[in-house]
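Printed here is run38.cif (mmCIF, C-alpha atoms):
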```
data_run
loop_
_atom_site.label_atom_id
_atom_site.label_comp_id
_atom_site.auth_asym_id
_atom_site.auth_seq_id
_atom_site.Cartn_x
_atom_site.Cartn_y
_atom_site.Cartn_z
CA MET A 216 22.33 -2.51 17.12
CA GLN A 217 25.39 -1.83 19.27
CA THR A 218 28.58 -2.88 17.52
CA ASN A 219 30.84 -2.38 20.53
CA THR A 220 33.47 -3.97 22.76
CA GLU A 221 32.73 -2.26 26.07
CA TYR A 222 30.09 0.02 27.51
CA ARG A 223 31.67 3.45 27.54
CA PHE A 224 31.00 6.72 25.80
CA ALA A 225 33.54 7.92 23.26
CA ALA A 226 35.43 11.10 24.05
CA GLY A 227 33.93 14.18 22.49
CA ILE A 228 30.26 13.14 22.75
CA VAL A 229 28.48 16.22 24.01
CA ARG A 230 26.29 15.98 27.07
CA GLY A 231 23.12 16.76 25.14
CA MET A 232 23.81 13.79 22.86
CA LEU A 233 23.89 11.02 25.43
CA LEU A 234 21.81 8.82 23.21
CA LEU A 235 22.42 5.26 24.25
CA GLY A 236 22.64 3.28 27.44
CA TRP A 237 25.65 1.45 26.02
CA VAL A 238 28.27 2.74 23.57
CA ALA A 239 31.93 1.99 22.91
CA ALA A 240 34.51 1.32 20.23
CA ALA A 241 33.00 -0.17 17.09
CA ALA A 242 33.71 -3.80 16.31
CA GLY A 243 36.67 -4.10 13.98
CA CYS A 244 38.15 -0.96 15.52
CA GLY A 245 39.51 -2.58 18.63
CA GLY A 246 39.40 -6.17 19.83
CA GLN A 247 36.65 -8.74 19.93
CA SER A 248 33.08 -7.55 20.25
CA ALA A 249 31.42 -8.26 23.58
CA GLN A 250 28.35 -9.34 21.66
CA ARG A 251 27.79 -13.03 21.20
CA PRO A 252 24.71 -14.94 20.07
CA ASP A 253 22.41 -16.35 22.72
CA PRO A 254 22.65 -20.16 22.27
CA ASP A 255 19.59 -20.81 24.42
CA PHE A 256 17.14 -18.50 22.68
CA ASN A 257 14.31 -20.68 21.36
CA PRO A 258 10.98 -18.84 21.68
CA PRO A 259 7.70 -20.69 21.12
CA ILE A 260 6.52 -20.54 17.51
CA GLY A 261 3.40 -22.68 17.53
CA GLU A 262 2.83 -24.92 14.55
CA ALA A 263 5.66 -24.66 12.05
CA THR A 264 4.85 -23.10 8.70
CA PHE A 265 6.63 -25.89 6.81
CA ARG A 266 7.59 -29.45 7.56
CA GLU A 267 11.17 -29.70 8.79
CA GLY A 268 13.56 -29.07 5.92
CA ARG A 269 10.74 -28.71 3.39
CA GLY A 270 10.40 -24.94 3.33
CA PRO A 271 11.93 -22.43 0.89
CA ILE A 272 15.68 -22.08 0.63
CA VAL A 273 16.78 -19.02 2.61
CA ALA A 274 20.35 -17.90 1.89
CA ILE A 275 22.09 -15.52 4.27
CA ASP A 276 24.62 -13.36 2.43
CA GLU A 277 28.18 -13.77 3.70
CA ALA A 278 30.05 -12.62 0.59
CA HIS A 279 30.18 -8.91 1.47
CA HIS A 280 32.02 -8.66 4.80
CA ASN A 281 28.67 -9.04 6.57
CA PHE A 282 28.61 -8.20 10.26
CA HIS A 283 25.81 -10.74 10.75
CA THR A 284 26.28 -14.33 9.58
CA ALA A 285 24.36 -17.58 9.92
CA ALA A 286 26.88 -19.12 12.32
CA GLY A 287 27.68 -15.86 14.08
CA ARG A 288 25.51 -13.00 15.31
CA TYR A 289 22.56 -14.22 13.23
CA SER A 290 22.69 -17.82 14.46
CA PRO A 291 19.53 -17.25 16.60
CA PHE A 292 17.87 -15.84 13.45
CA ALA A 293 18.89 -18.90 11.42
CA ARG A 294 17.86 -21.30 14.18
CA LEU A 295 14.40 -19.73 14.46
CA LEU A 296 13.85 -20.03 10.70
CA ARG A 297 14.96 -23.66 10.65
CA ARG A 298 12.48 -24.44 13.42
CA ASP A 299 9.79 -22.97 11.16
CA GLY A 300 10.82 -25.35 8.38
CA TYR A 301 13.01 -23.15 6.18
CA ARG A 302 16.23 -24.49 4.68
CA VAL A 303 18.82 -21.94 5.76
CA LEU A 304 22.11 -21.79 3.86
CA GLU A 305 25.15 -19.52 3.73
CA SER A 306 25.74 -17.57 0.53
CA LYS A 307 29.42 -16.85 -0.07
CA GLU A 308 29.32 -15.90 -3.77
CA ALA A 309 28.92 -12.55 -5.48
CA LEU A 310 25.37 -11.85 -6.62
CA SER A 311 24.64 -13.07 -10.12
CA ALA A 312 21.93 -14.89 -12.02
CA GLY A 313 23.86 -18.11 -11.46
CA SER A 314 24.50 -17.72 -7.71
CA LEU A 315 20.88 -16.73 -7.05
CA LYS A 316 19.26 -19.37 -9.22
CA GLU A 317 18.44 -21.95 -6.52
CA ILE A 318 17.53 -19.45 -3.78
CA GLN A 319 13.96 -18.47 -2.93
CA ILE A 320 14.70 -15.86 -0.24
CA LEU A 321 17.96 -13.93 0.15
CA VAL A 322 18.85 -12.22 3.43
CA ILE A 323 21.38 -9.38 3.31
CA SER A 324 22.18 -8.09 6.80
CA ASN A 325 24.79 -5.43 7.48
CA ALA A 326 27.07 -5.83 4.51
CA LEU A 327 30.23 -3.71 4.44
CA ALA A 328 32.57 -2.43 1.77
CA GLU A 329 36.13 -3.68 2.10
CA ARG A 330 37.34 -0.24 3.20
CA ASN A 331 35.00 -0.12 6.18
CA ALA A 332 35.24 -3.86 6.89
CA LYS A 333 38.92 -3.38 7.73
CA GLY A 334 37.93 -1.26 10.72
CA ASP A 335 37.78 2.26 9.30
CA TRP A 336 34.24 3.40 10.08
CA THR A 337 34.71 6.93 8.82
CA LEU A 338 33.26 8.52 5.71
CA PRO A 339 33.14 7.63 2.89
CA THR A 340 31.10 4.45 3.26
CA PRO A 341 31.06 3.03 -0.28
CA SER A 342 28.73 0.30 -1.46
CA ALA A 343 29.67 -3.32 -0.82
CA PHE A 344 27.95 -4.31 -4.08
CA THR A 345 28.97 -3.73 -7.66
CA ALA A 346 26.55 -2.24 -10.15
CA ALA A 347 26.32 -5.65 -11.84
CA GLU A 348 25.37 -7.29 -8.54
CA ALA A 349 22.67 -4.70 -7.87
CA THR A 350 21.19 -5.22 -11.32
CA ALA A 351 21.31 -9.01 -10.98
CA LEU A 352 19.52 -8.83 -7.63
CA ARG A 353 16.76 -6.56 -8.95
CA GLU A 354 16.17 -8.81 -11.97
CA TRP A 355 16.10 -11.89 -9.72
CA VAL A 356 13.47 -10.32 -7.46
CA GLU A 357 11.38 -9.07 -10.36
CA ALA A 358 11.32 -12.61 -11.74
CA GLY A 359 9.60 -13.86 -8.58
CA ALA A 360 12.14 -14.22 -5.75
CA SER A 361 12.19 -12.48 -2.36
CA LEU A 362 14.71 -10.26 -0.57
CA LEU A 363 15.11 -9.33 3.10
CA LEU A 364 17.43 -6.31 3.19
CA ILE A 365 18.72 -5.02 6.53
CA ALA A 366 21.05 -2.05 6.98
CA ASP A 367 21.83 -0.79 10.46
CA HIS A 368 23.38 2.53 11.50
CA MET A 369 26.32 4.11 9.66
CA PRO A 370 28.39 2.71 7.92
CA PHE A 371 25.96 -0.05 6.92
CA PRO A 372 23.50 2.14 4.93
CA GLY A 373 26.32 3.33 2.71
CA ALA A 374 27.24 -0.27 1.99
CA VAL A 375 23.85 -0.98 0.40
CA SER A 376 23.24 2.43 -1.18
CA ASN A 377 23.26 1.46 -4.86
CA LEU A 378 21.55 -1.87 -4.22
CA ALA A 379 18.76 -0.17 -2.25
CA GLN A 380 18.22 2.39 -5.00
CA GLU A 381 17.38 -0.44 -7.39
CA PHE A 382 14.21 -0.90 -5.32
CA GLY A 383 13.41 2.77 -4.72
CA ILE A 384 14.86 2.75 -1.19
CA THR A 385 16.91 5.63 0.24
CA PHE A 386 18.64 5.15 3.60
CA SER A 387 19.91 7.81 5.96
CA ASN A 388 23.58 7.07 6.59
CA GLY A 389 23.34 7.79 10.29
CA PHE A 390 21.95 6.77 13.67
CA ALA A 391 18.19 6.91 14.26
CA VAL A 392 17.68 8.08 17.84
CA ARG A 393 15.01 9.62 20.03
CA LYS A 394 15.87 13.23 20.83
CA GLY A 395 16.98 13.74 24.41
CA VAL A 396 16.63 10.07 25.36
CA LYS A 397 19.55 8.09 26.77
CA ASP A 398 18.03 4.72 25.94
CA GLY A 399 19.07 3.54 22.45
CA ARG A 400 15.89 1.51 21.95
CA LEU A 401 13.10 2.57 19.60
CA PHE A 402 9.56 1.42 20.40
CA PHE A 403 6.97 0.89 17.67
CA ARG A 404 3.49 0.57 19.16
CA ARG A 405 0.21 -0.04 17.44
CA GLU A 406 -1.56 2.37 19.79
CA ASP A 407 0.43 5.39 18.60
CA GLY A 408 0.75 4.41 14.92
CA GLY A 409 4.41 3.47 15.01
CA LEU A 410 3.45 -0.14 14.30
CA ARG A 411 1.19 -0.09 11.25
CA ASP A 412 -1.76 -2.39 10.64
CA SER A 413 -0.88 -5.20 8.24
CA LYS A 414 -1.24 -8.94 7.84
CA ILE A 415 2.42 -9.05 8.83
CA THR A 416 1.84 -7.20 12.11
CA LEU A 417 -1.44 -8.95 12.95
CA GLY A 418 -1.57 -9.91 16.61
CA ILE A 419 1.50 -7.83 17.52
CA SER A 420 1.24 -4.76 19.73
CA THR A 421 4.86 -3.60 20.21
CA VAL A 422 8.15 -4.07 18.36
CA VAL A 423 11.50 -2.86 19.69
CA SER A 424 14.61 -1.95 17.74
CA PHE A 425 18.05 -0.89 18.97
CA THR A 426 19.05 2.37 17.24
CA GLY A 427 19.71 1.57 13.54
CA SER A 428 18.93 3.80 10.57
CA ALA A 429 15.93 5.39 8.86
CA PHE A 430 14.85 5.01 5.25
CA ARG A 431 12.27 6.13 2.72
CA ALA A 432 10.87 3.81 0.06
CA ILE A 433 8.79 4.32 -3.07
CA ASP A 434 5.56 2.30 -3.35
CA ALA A 435 6.16 0.50 -0.05
CA ASP A 436 3.80 -0.53 2.73
CA PRO A 437 5.26 0.75 6.02
CA LEU A 438 5.44 -1.55 9.03
CA LEU A 439 7.62 0.40 11.48
CA VAL A 440 7.30 4.19 11.28
CA LEU A 441 9.52 6.60 13.20
CA GLY A 442 7.83 9.12 15.48
CA ALA A 443 8.08 12.89 15.76
CA ASN A 444 10.87 12.73 18.36
CA VAL A 445 13.30 10.76 16.18
CA GLU A 446 16.22 12.22 14.25
CA SER A 447 19.14 10.80 12.31
CA LEU A 448 22.57 11.77 13.63
CA GLU A 449 25.03 11.57 10.74
CA PRO A 450 28.63 11.79 11.99
CA ASP A 451 31.85 11.60 10.01
CA GLN A 452 32.83 8.56 12.08
CA ALA A 453 30.57 5.97 13.68
CA TRP A 454 29.84 6.67 17.37
CA ARG A 455 31.62 10.06 17.32
CA PHE A 456 29.04 12.77 17.99
CA GLU A 457 29.89 16.46 18.21
CA GLU A 458 28.02 19.77 18.34
CA LYS A 459 28.43 20.08 14.56
CA THR A 460 27.20 16.56 13.79
CA PRO A 461 24.32 16.92 11.29
CA ARG A 462 20.86 16.05 12.62
CA VAL A 463 18.25 15.12 10.03
CA PRO A 464 14.55 15.01 11.03
CA VAL A 465 13.21 11.57 10.13
CA ALA A 466 9.71 11.64 11.59
CA GLY A 467 7.47 9.60 9.31
CA TRP A 468 10.41 7.72 7.80
CA CYS A 469 10.47 3.96 8.08
CA GLN A 470 12.53 1.43 9.96
CA GLY A 471 10.54 -1.43 8.45
CA ALA A 472 8.54 -1.78 5.24
CA VAL A 473 7.54 -4.27 2.56
CA MET A 474 6.94 -3.90 -1.16
CA LEU A 475 6.05 -5.84 -4.26
CA ARG A 476 8.36 -5.61 -7.27
CA ASP A 477 6.80 -7.20 -10.36
CA LYS A 478 6.55 -10.90 -9.41
CA GLY A 479 8.84 -10.59 -6.38
CA ARG A 480 8.76 -9.34 -2.81
CA VAL A 481 11.08 -7.15 -0.75
CA ALA A 482 11.16 -6.53 3.01
CA VAL A 483 13.44 -3.76 4.30
CA PHE A 484 14.56 -2.98 7.84
CA GLY A 485 16.87 -0.30 9.19
CA GLU A 486 18.05 -2.28 12.20
CA ALA A 487 19.56 -5.74 12.61
CA ALA A 488 19.42 -6.52 16.34
CA LEU A 489 15.62 -6.59 16.38
CA PHE A 490 15.97 -9.94 14.56
CA SER A 491 18.94 -11.22 16.55
CA ALA A 492 19.34 -12.46 20.13
CA GLN A 493 22.65 -11.60 21.72
CA LEU A 494 24.32 -11.62 25.12
CA ASP A 495 26.36 -8.51 25.73
CA GLY A 496 29.23 -7.81 28.07
CA VAL A 497 30.39 -9.57 31.19
CA LEU A 498 26.87 -9.48 32.57
CA ARG A 499 25.58 -11.28 29.46
CA SER A 500 22.76 -8.78 29.15
CA PRO A 501 20.11 -9.78 26.60
CA MET A 502 19.97 -7.57 23.51
CA GLY A 503 17.58 -8.23 20.64
CA MET A 504 14.72 -10.70 20.44
CA ASN A 505 15.74 -12.13 23.82
CA GLN A 506 15.19 -8.83 25.64
CA PRO A 507 11.90 -8.90 27.60
CA ALA A 508 10.65 -5.65 26.01
CA ALA A 509 11.13 -7.22 22.55
CA ALA A 510 9.11 -10.36 23.25
CA GLU A 511 6.99 -9.86 20.10
CA ASN A 512 9.95 -9.37 17.75
CA PRO A 513 10.24 -13.12 16.96
CA ARG A 514 6.63 -13.16 15.78
CA LEU A 515 7.33 -10.20 13.51
CA LEU A 516 10.31 -12.02 11.99
CA LEU A 517 8.31 -15.17 11.35
CA ASN A 518 5.46 -13.16 9.84
CA VAL A 519 7.87 -11.29 7.55
CA MET A 520 9.42 -14.54 6.39
CA ARG A 521 6.02 -16.10 5.72
CA TRP A 522 5.06 -13.08 3.65
CA LEU A 523 8.33 -13.33 1.71
CA ALA A 524 7.60 -17.03 1.15
CA GLY A 525 4.17 -16.20 -0.25
CA VAL A 526 2.24 -17.73 2.67
CA GLU A 527 -0.81 -15.49 3.06
#
```
Would you mind writing the file's structure down as structure tokens?
Amino acid sequence: MQTNTEYRFAAGIVRGMLLLGWVAAAAGCGGQSAQRPDPDFNPPIGEATFREGRGPIVAIDEAHHNFHTAAGRYSPFARLLRRDGYRVLESKEALSAGSLKEIQILVISNALAERNAKGDWTLPTPSAFTAAEATALREWVEAGASLLLIADHMPFPGAVSNLAQEFGITFSNGFAVRKGVKDGRLFFRREDGGLRDSKITLGISTVVSFTGSAFRAIDADPLLVLGANVESLEPDQAWRFEEKTPRVPVAGWCQGAVMLRDKGRVAVFGEAALFSAQLDGVLRSPMGMNQPAAAENPRLLLNVMRWLAGVE
């Protein structure tokens, strides 16, 4: 995901760290983002999983300064789910047994703590969720509900740190990138093992993400696995890379996985744009599910949602 206003490299990025084909000031740190949802993105889905408006209630979290919302950058996400029969709502309340009671699937995408939401994308990146919220969410899932948790590059992993730990998930609070490659995309292919065999990935050959983060998870089934040439750059400030910026090897870590937790289900992804469809910059360049290289991403999203809904 590129949370930026223009395509330019920040001062101080060393030549050997030219990681992305597009980088600039992070959203919230200077003006309106050049990213906007693609209003015309409506890929074919075949026969809908549920009759219109009869599917499970899917709530998209908007109570934690989320960078992606149902009417904003995740409107193509919400529209795709509605076409598949899900009832998509906005969730604007803190997580509790009461606020979660009527929800079957909760989507948390790129939450932020108040400190970072105000535009300061430097360390520390505290959690956006209280301990009580994290406990309530775990108990809700264990009782039979489903969670789709998405945390992009720094500072988003820090914002879900305690919540993720409730499910045995540990994120790198950095940027997952291919070493020595200027293109920010990550390709997960079945032929090289990056895209793992699963009912969820059945019929899919390639999935594309757009930087993001890496994570490890206990007792999870990996879907998207990072290759040997991927590392996590972990700067003190988002998009500021220097010679001293820590580099953590993340080969074999995940950028997508699913797990069962008692009666419930959890899907985790370390990148948000792979499930969005945006138009970026004055050229309105496609970024996300609408990019030609990511043509199979919509099928992955629908398959993940069907798994979360218990449709086998």
As lines of an AutoDock Vina configuration file: centre and edge lengths in Å, one decimal, of the axis-aligned box holding range 354-360 of chain A with 5 Å per side:
```
center_x = 12.9
center_y = -11.5
center_z = -8.9
size_x = 16.6
size_y = 15.4
size_z = 16.2
```
Check: Can you list, as a PyMOL selection string, the residues that the PyMOL selection byres ((chain A and resi 335) around 10) selects here?
Finding: chain A and resi 241+243-244+329-334+336-340+370+452-453
Next item on the list: Evaluate the PyMOL selection byres ((chain A and resi 303-320) around 9) here and jot the selected residues down as a PyMOL selection string.
Entry: chain A and resi 268+271-279+284-286+293-294+296-297+301-302+321-322+344-345+347-352+354-355+359-363+520+523-524
For the selection just defined, write its residues with C-alpha atoms to a file, as a PDB file, in the frame of the given file.
```pdb
ATOM      1  CA  GLY A 268      13.560 -29.070   5.920  1.00  0.00           C
ATOM      2  CA  PRO A 271      11.930 -22.430   0.890  1.00  0.00           C
ATOM      3  CA  ILE A 272      15.680 -22.080   0.630  1.00  0.00           C
ATOM      4  CA  VAL A 273      16.780 -19.020   2.610  1.00  0.00           C
ATOM      5  CA  ALA A 274      20.350 -17.900   1.890  1.00  0.00           C
ATOM      6  CA  ILE A 275      22.090 -15.520   4.270  1.00  0.00           C
ATOM      7  CA  ASP A 276      24.620 -13.360   2.430  1.00  0.00           C
ATOM      8  CA  GLU A 277      28.180 -13.770   3.700  1.00  0.00           C
ATOM      9  CA  ALA A 278      30.050 -12.620   0.590  1.00  0.00           C
ATOM     10  CA  HIS A 279      30.180  -8.910   1.470  1.00  0.00           C
ATOM     11  CA  THR A 284      26.280 -14.330   9.580  1.00  0.00           C
ATOM     12  CA  ALA A 285      24.360 -17.580   9.920  1.00  0.00           C
ATOM     13  CA  ALA A 286      26.880 -19.120  12.320  1.00  0.00           C
ATOM     14  CA  ALA A 293      18.890 -18.900  11.420  1.00  0.00           C
ATOM     15  CA  ARG A 294      17.860 -21.300  14.180  1.00  0.00           C
ATOM     16  CA  LEU A 296      13.850 -20.030  10.700  1.00  0.00           C
ATOM     17  CA  ARG A 297      14.960 -23.660  10.650  1.00  0.00           C
ATOM     18  CA  TYR A 301      13.010 -23.150   6.180  1.00  0.00           C
ATOM     19  CA  ARG A 302      16.230 -24.490   4.680  1.00  0.00           C
ATOM     20  CA  LEU A 321      17.960 -13.930   0.150  1.00  0.00           C
ATOM     21  CA  VAL A 322      18.850 -12.220   3.430  1.00  0.00           C
ATOM     22  CA  PHE A 344      27.950  -4.310  -4.080  1.00  0.00           C
ATOM     23  CA  THR A 345      28.970  -3.730  -7.660  1.00  0.00           C
ATOM     24  CA  ALA A 347      26.320  -5.650 -11.840  1.00  0.00           C
ATOM     25  CA  GLU A 348      25.370  -7.290  -8.540  1.00  0.00           C
ATOM     26  CA  ALA A 349      22.670  -4.700  -7.870  1.00  0.00           C
ATOM     27  CA  THR A 350      21.190  -5.220 -11.320  1.00  0.00           C
ATOM     28  CA  ALA A 351      21.310  -9.010 -10.980  1.00  0.00           C
ATOM     29  CA  LEU A 352      19.520  -8.830  -7.630  1.00  0.00           C
ATOM     30  CA  GLU A 354      16.170  -8.810 -11.970  1.00  0.00           C
ATOM     31  CA  TRP A 355      16.100 -11.890  -9.720  1.00  0.00           C
ATOM     32  CA  GLY A 359       9.600 -13.860  -8.580  1.00  0.00           C
ATOM     33  CA  ALA A 360      12.140 -14.220  -5.750  1.00  0.00           C
ATOM     34  CA  SER A 361      12.190 -12.480  -2.360  1.00  0.00           C
ATOM     35  CA  LEU A 362      14.710 -10.260  -0.570  1.00  0.00           C
ATOM     36  CA  LEU A 363      15.110  -9.330   3.100  1.00  0.00           C
ATOM     37  CA  MET A 520       9.420 -14.540   6.390  1.00  0.00           C
ATOM     38  CA  LEU A 523       8.330 -13.330   1.710  1.00  0.00           C
ATOM     39  CA  ALA A 524       7.600 -17.030   1.150  1.00  0.00           C
TER      40      ALA A 524
END
```
Distance table requested - range 398-492 of chain A against range 508-517 of chain A, cut-off 8 Å, all atoms listed in the file: one row per qualifying residue with the closest atom pair and its distance in Å to one decimal, ordered by chain and rising residue number, as a tab-separated table.
```
residue	atom	partner	partner_atom	distance
A:Ile415	CA	A:Leu515	CA	6.9
A:Thr416	CA	A:Leu515	CA	6.4
A:Ile419	CA	A:Glu511	CA	6.4
A:Ser420	CA	A:Glu511	CA	7.7
A:Thr421	CA	A:Glu511	CA	6.6
A:Val422	CA	A:Asn512	CA	5.6
A:Val423	CA	A:Ala509	CA	5.2
A:Ser424	CA	A:Ala509	CA	7.9
A:Leu489	CA	A:Asn512	CA	6.5
A:Phe490	CA	A:Leu516	CA	6.6
```
C-alpha atoms of the current selection, written as a compact mmCIF listing (two decimals), keeping the file's coordinate frame:
```
# COMPACT_ATOMS: atom_id res chain seq x y z
CA ILE A 415 2.42 -9.05 8.83
CA THR A 416 1.84 -7.20 12.11
CA ILE A 419 1.50 -7.83 17.52
CA SER A 420 1.24 -4.76 19.73
CA THR A 421 4.86 -3.60 20.21
CA VAL A 422 8.15 -4.07 18.36
CA VAL A 423 11.50 -2.86 19.69
CA SER A 424 14.61 -1.95 17.74
CA LEU A 489 15.62 -6.59 16.38
CA PHE A 490 15.97 -9.94 14.56
```
Check: Quick one: which residues end up in the PyMOL selection byres ((chain A and resi 326) around 7) for this structure, as a list in words?
Finding: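 Residues picked by the PyMOL selection byres ((chain A and resi 326) around 7): His279, His280, Asn281, Phe282, Ile323, Ser324, Asn325, Leu327, Ala343, Phe371 and Ala374 of chain A.
From CA of Glu406 in chain A back to CA of Pro372 in chain A, the distance works out to 29.1 Å.
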Next item on the list: Measuring atom to atom with all atoms listed in the file, identify which of A:Cys469, A:Leu378, A:Ile260, A:Ala249 is nearest to Ser447 in chain A.
Entry: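 Looking at the shortest contact to Ser447 in chain A, the residue is A:Cys469.
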Checklist line | Residue with smallest distance to Val473 in chain A - pool A:Lys397, A:Arg431, A:Arg405, A:Arg353, counting all atoms listed in the file | finding: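 The answer is A:Arg431, which sits nearest to Val473 in chain A.
What separates CA of Leu441 in chain A from CA of Trp468 in chain A is a distance of 5.6 Å.
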Since the input has fewer atoms than a full residue there, write range 440-452 of chain A out with N, CA and C atoms, as an mmCIF file, in the frame of the given file.
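Result file follows (selection.cif):
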```cif
data_model
loop_
_atom_site.group_PDB
_atom_site.id
_atom_site.type_symbol
_atom_site.label_atom_id
_atom_site.label_comp_id
_atom_site.auth_asym_id
_atom_site.auth_seq_id
_atom_site.Cartn_x
_atom_site.Cartn_y
_atom_site.Cartn_z
ATOM 1 N N VAL A 440 7.193 2.783 11.668
ATOM 2 C CA VAL A 440 7.300 4.190 11.280
ATOM 3 C C VAL A 440 7.845 5.000 12.445
ATOM 4 N N LEU A 441 8.856 5.808 12.174
ATOM 5 C CA LEU A 441 9.520 6.600 13.200
ATOM 6 C C LEU A 441 8.656 7.784 13.625
ATOM 7 N N GLY A 442 8.675 8.074 14.928
ATOM 8 C CA GLY A 442 7.830 9.120 15.480
ATOM 9 C C GLY A 442 8.439 10.511 15.378
ATOM 10 N N ALA A 443 7.696 11.483 15.881
ATOM 11 C CA ALA A 443 8.080 12.890 15.760
ATOM 12 C C ALA A 443 9.336 13.237 16.543
ATOM 13 N N ASN A 444 9.701 12.432 17.527
ATOM 14 C CA ASN A 444 10.870 12.730 18.360
ATOM 15 C C ASN A 444 12.131 12.020 17.903
ATOM 16 N N VAL A 445 12.133 11.509 16.666
ATOM 17 C CA VAL A 445 13.300 10.760 16.180
ATOM 18 C C VAL A 445 14.055 11.576 15.130
ATOM 19 N N GLU A 446 15.371 11.552 15.231
ATOM 20 C CA GLU A 446 16.220 12.220 14.250
ATOM 21 C C GLU A 446 17.369 11.289 13.887
ATOM 22 N N SER A 447 17.988 11.580 12.754
ATOM 23 C CA SER A 447 19.140 10.800 12.310
ATOM 24 C C SER A 447 20.404 11.627 12.535
ATOM 25 N N LEU A 448 21.272 11.154 13.427
ATOM 26 C CA LEU A 448 22.570 11.770 13.630
ATOM 27 C C LEU A 448 23.538 11.181 12.610
ATOM 28 N N GLU A 449 24.209 12.040 11.859
ATOM 29 C CA GLU A 449 25.030 11.570 10.740
ATOM 30 C C GLU A 449 26.466 12.067 10.894
ATOM 31 N N PRO A 450 27.255 11.363 11.708
ATOM 32 C CA PRO A 450 28.630 11.790 11.990
ATOM 33 C C PRO A 450 29.595 11.412 10.875
ATOM 34 N N ASP A 451 30.783 11.960 10.949
ATOM 35 C CA ASP A 451 31.850 11.600 10.010
ATOM 36 C C ASP A 451 32.462 10.250 10.364
ATOM 37 N N GLN A 452 32.320 9.848 11.618
ATOM 38 C CA GLN A 452 32.830 8.560 12.080
ATOM 39 C C GLN A 452 31.796 7.947 13.011
#
```
